[in-house]
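Novice: Before I ask anything, let me first share the structure, which is written out below as structure tokens.
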Amino acid sequence: MKGTNMSQEQVGQKTEQEESLFGNVIYSYTRAQAIADGVLVDVTETAKEAGFTFPVALTKAAYEDCVAWNDADNKRQTYQDESGRLWDVVYMASLAAKGGGQEIRFQLYRVPRGGRGMKARLVTLKAICGPGDNAEPCITIMKPDED
């Protein structure tokens, strides 16, 4: 600690005081648990190809809306595949991220699922860079109303 005369013991005491101020942690839910539970979908490998250097995940809602696509969707609507839809999301996020910032919003066209439509529609997503389970930087892509 620059500019202070606190000993290591005093620093440790301060931490204990801060912990007692807020009490014990009752419950925590880690990013790894969210990925294991399917609340987040890890897309780090594809995101690396798009230029990301940090781990990247999509919320389940963003994934279902902009990436998920199956054979039934191909028969009902138009042919697409999940890997191409995922690439669209991470590539557009990477372009928007070049501007910097902790939170960015970006848009892309995607064919909505669940109907008979074949026309791509504009959708807005946001990407937030925040701390991971060990305070490492990571990116989460989500719908604008999620946090």
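Chain identifiers are assigned as A, B, and so on, following the order in which chains appear in the structure tokens; residues are numbered from 1 within each chain, and ligands are numbered from 1 in order of appearance.
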Excluding range 53-69 of chain A and residues on its chain fewer than 2 positions from it, collect all residues at most 8 Å away from it, counting only C-alpha atoms, and give them as JSON, numbers by chain.
Specialist: {"A": [38, 39, 40, 41, 42, 43, 44, 47, 48, 51, 71, 73, 74, 80, 81, 82, 83, 85, 86, 89, 110, 111, 112, 113, 125, 137, 138, 139, 140, 141, 142, 143]}
Novice: Just to confirm, what's the straight-line distance from CA of Asp37 in chain A to CA of Gly132 in chain A in Å (one decimal)?
Specialist: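 Between CA of Asp37 in chain A and CA of Gly132 in chain A the gap is 16.1 Å.
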Novice: Which is closer to Thr46 in chain A than all the others in A:Ala135, A:Ala93, A:Ala34, A:Leu21, using only C-alpha atoms?
Specialist: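 Of A:Ala135, A:Ala93, A:Ala34, A:Leu21, the one nearest Thr46 in chain A is A:Ala93, counting only C-alpha atoms.
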Novice: Which residue gives the smallest distance to Gln102 in chain A among A:Pro131, A:Pro144, A:Gly117, A:Gly84, with only C-alpha atoms counted?
Specialist: A:Pro131
Novice: Point out the residue among A:Glu146, A:Thr78, A:Met118, A:Asp133 with the least atom-to-atom distance to Ile35 in chain A, counting only C-alpha atoms.
Specialist: A:Asp133
Novice: Apply DSSP to the backbone of this structure and, from range 7-145 of chain A, keep only the residues in helix (DSSP H, G or I); write these as JSON, numbers by chain.
Specialist: {"A": [8, 9, 10, 11, 12, 13, 14, 15, 16, 17, 18, 19, 20, 21, 22, 31, 32, 33, 34, 35, 36, 37, 44, 45, 46, 47, 48, 49, 60, 61, 62, 63, 64, 65, 66, 71, 72, 73, 74, 75, 76, 82, 83, 84, 85, 86, 87, 88, 89, 90, 91, 92, 93, 94, 95, 96, 97]}
Novice: From a DSSP pass on the backbone, collect the residues of range 10-68 of chain A flagged as strand (DSSP E) and hand them back as JSON, numbers by chain.
Specialist: {"A": [40, 41, 42, 56, 57, 58, 59]}
Novice: Report, in Å to a single decimal, how far apart CA of Asp147 in chain A and CA of Leu108 in chain A are.
Specialist: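 Separating CA of Leu108 in chain A from CA of Asp147 in chain A is a distance of 19.7 Å.
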Novice: Please, what distance in Å, to one decimal, runs between CA of Val25 in chain A and CA of Cys129 in chain A?
Specialist: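 If I compute the distance from CA of Val25 in chain A to CA of Cys129 in chain A, I get 23.9 Å.
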